[in-house]
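Right, one structure below, let's go through it.
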Amino acid sequence: MSGGKVDIKVVLLGKAYAGKTSLVERYIHNRFLGETVPYQNTIGAAFGAKTVTVNNKNVIIGIWDTAGSERYEAMSKIYYRGAKAAVVCYDLTEKASFDRARFWIGELQKHEEGCRIYLCGTKYDIVEENPALRSVDEKEAKALALDVRGEVYVTSSKTGKDIEKIFINIASDYMASKAAAAQKEDDEEIVKLRRSSKKSNCPACKS
Ligand SMILES: Nc1nc2c(ncn2[C@@H]2O[C@H](COP(=O)(O)OP(=O)(O)OP(=O)(O)O)[C@@H](O)[C@H]2O)c(=O)[nH]1
């Protein structure tokens with residue numbers, strides 16, 4: 001944190017080929033390379049950052065795009081440490097990726113209590129064009145999102161659908177929780193002050 005700015009560590013988790021890198025690419029550079037560049041799996045992790053404005057405050061979002069390949073699972077676990085938010089991605093056209101999303105949610109719930117989870121279905125343009133290709137039941141996805149007290153973000157990196165929305169919500173949720181924590185601290189301080197002033201006004205308490 002510097003100059004009144006807030007940094008939020010965000011991690012992207014999900015099965016290989018789920019569309020994590022494309023999502024970051026769309027969000028940060030507003031482009032989709034899928035039609036020109038062949039798929040390349042992420043090795044280890046990649047980092048990108050973007051500044052958003054929430055309530056007139058600049059918030060710097062730092063995004064860790066992890067590798068989905070199970071070979072890098074141990075590494076991905078290191079990357080989510082200390083994250084304030086996790087975007088858990090699954091491919092709407094691949095059931096196995098939804099099972100993997102469940103796995104990551106379980107991991108985060110077990111090990112990263114302070115990390116808010118955002119469930120994200122990817123490649124909506126494909127199911128929009130051909131609904132028969134949808135492999136993950138909408139109700140099941142909503143139930144999983146409810147489990148993490150969130151919603152399902154249905155996105156497409158190709159068209160840009162709802163990509164900004166996730167990160168704007170991450171930033172505003174973070175700012176709201178910071179404001180709530182500050183308010184709680186103030187309230188506790190007031191209670192302490194009241195208690196000590198009561199004590200000092202109580203004749204029996206004086207020695
Ligand atoms: N049509 C369409 N294709 C997508 C979309 N998002 C990703 N893809 C394609 O899906 C493939 C995998 O996307 P990536 O973003 O590389 O997947 P990843 O989750 O980062 O994969 P790993 O790095 O292996 O973990 C690529 O060929 C992308 O072009 C999308 O929204 N629509």
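If you're wondering about the labels, chains in the structure tokens are A, B, ... by order shown, residues count from 1 in each chain, ligands from 1 in order shown.
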Contacts of range 53-56 of chain A at 9 Å (only C-alpha atoms; same-chain gap of 6+ positions) as a PyMOL selection string = chain A and resi 168+171-172+175
Quick one: contact table of range 58-149 of chain A to range 15-39 of chain A, 8 Å max, nearest atom pair and distance in Å to one decimal per residue, counting only C-alpha atoms, chain and number order, as CSV?
```
residue,atom,partner,partner_atom,distance
A:Ile63,CA,A:Val24,CA,7.8
A:Asp65,CA,A:Thr21,CA,6.3
A:Thr66,CA,A:Lys20,CA,7.9
A:Ala67,CA,A:Ala16,CA,6.8
A:Gly68,CA,A:Ala16,CA,3.8
A:Ser69,CA,A:Ala16,CA,4.9
A:Glu70,CA,A:Lys15,CA,7.9
A:Cys89,CA,A:Ala18,CA,6.3
A:Tyr90,CA,A:Ala18,CA,5.4
A:Asp91,CA,A:Ala18,CA,4.8
A:Ser97,CA,A:Lys15,CA,5.4
A:Arg100,CA,A:Lys15,CA,5.8
A:Ala101,CA,A:Lys15,CA,7.2
A:Thr122,CA,A:Gly19,CA,6.4
A:Lys123,CA,A:Gly19,CA,7.4
```
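When CA of Ser156 in chain A is paired with CA of Leu12 in chain A, their separation reads 15.3 Å.
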Please report, as a PyMOL selection string, each residue of range 57-199 of chain A to which DSSP assigns strand (DSSP E) when run on this structure's backbone.
-> chain A and resi 57-66+85-91+116-122+152-154
For the residues selected in the previous step, produce a file with C-alpha atoms as a PDB file, in the first residue's frame.
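Written out: again35.pdb:
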```pdb
ATOM      1  CA  LYS A  57     -10.040   5.545  -4.688  1.00  0.00           C
ATOM      2  CA  ASN A  58      -7.494   3.854  -6.893  1.00  0.00           C
ATOM      3  CA  VAL A  59      -7.198   0.167  -6.173  1.00  0.00           C
ATOM      4  CA  ILE A  60      -4.333  -1.791  -7.666  1.00  0.00           C
ATOM      5  CA  ILE A  61      -5.326  -5.353  -8.382  1.00  0.00           C
ATOM      6  CA  GLY A  62      -2.413  -7.776  -8.663  1.00  0.00           C
ATOM      7  CA  ILE A  63      -3.421 -10.947 -10.469  1.00  0.00           C
ATOM      8  CA  TRP A  64      -1.598 -14.278 -10.229  1.00  0.00           C
ATOM      9  CA  ASP A  65      -2.551 -16.534 -13.113  1.00  0.00           C
ATOM     10  CA  THR A  66      -1.599 -20.040 -11.983  1.00  0.00           C
ATOM     11  CA  ALA A  85      -9.714 -13.045  -3.659  1.00  0.00           C
ATOM     12  CA  ALA A  86      -9.623 -16.160  -5.806  1.00  0.00           C
ATOM     13  CA  VAL A  87     -11.274 -16.440  -9.195  1.00  0.00           C
ATOM     14  CA  VAL A  88     -11.964 -20.154  -9.519  1.00  0.00           C
ATOM     15  CA  CYS A  89     -12.498 -20.899 -13.198  1.00  0.00           C
ATOM     16  CA  TYR A  90     -14.258 -23.758 -14.918  1.00  0.00           C
ATOM     17  CA  ASP A  91     -14.966 -24.265 -18.586  1.00  0.00           C
ATOM     18  CA  ARG A 116     -13.099 -14.523  -0.918  1.00  0.00           C
ATOM     19  CA  ILE A 117     -14.072 -16.894  -3.706  1.00  0.00           C
ATOM     20  CA  TYR A 118     -15.522 -15.872  -7.085  1.00  0.00           C
ATOM     21  CA  LEU A 119     -16.770 -18.778  -9.193  1.00  0.00           C
ATOM     22  CA  CYS A 120     -16.329 -18.155 -12.891  1.00  0.00           C
ATOM     23  CA  GLY A 121     -17.714 -20.162 -15.816  1.00  0.00           C
ATOM     24  CA  THR A 122     -15.699 -19.458 -18.977  1.00  0.00           C
ATOM     25  CA  VAL A 152     -21.624 -17.536 -10.696  1.00  0.00           C
ATOM     26  CA  TYR A 153     -19.949 -15.238 -13.181  1.00  0.00           C
ATOM     27  CA  VAL A 154     -20.619 -16.516 -16.677  1.00  0.00           C
TER      28      VAL A 154
END
```
Could you give me the residues within range 55-174 of chain A that DSSP places in helix (DSSP H, G or I), as JSON, numbers by chain?
-> {"A": [70, 71, 72, 73, 74, 75, 76, 77, 78, 79, 95, 96, 97, 98, 99, 100, 101, 102, 103, 104, 105, 106, 107, 108, 109, 110, 111, 124, 125, 126, 127, 128, 129, 131, 132, 133, 138, 139, 140, 141, 142, 143, 144, 145, 146, 147, 163, 164, 165, 166, 167, 168, 169, 170, 171, 172, 173, 174]}
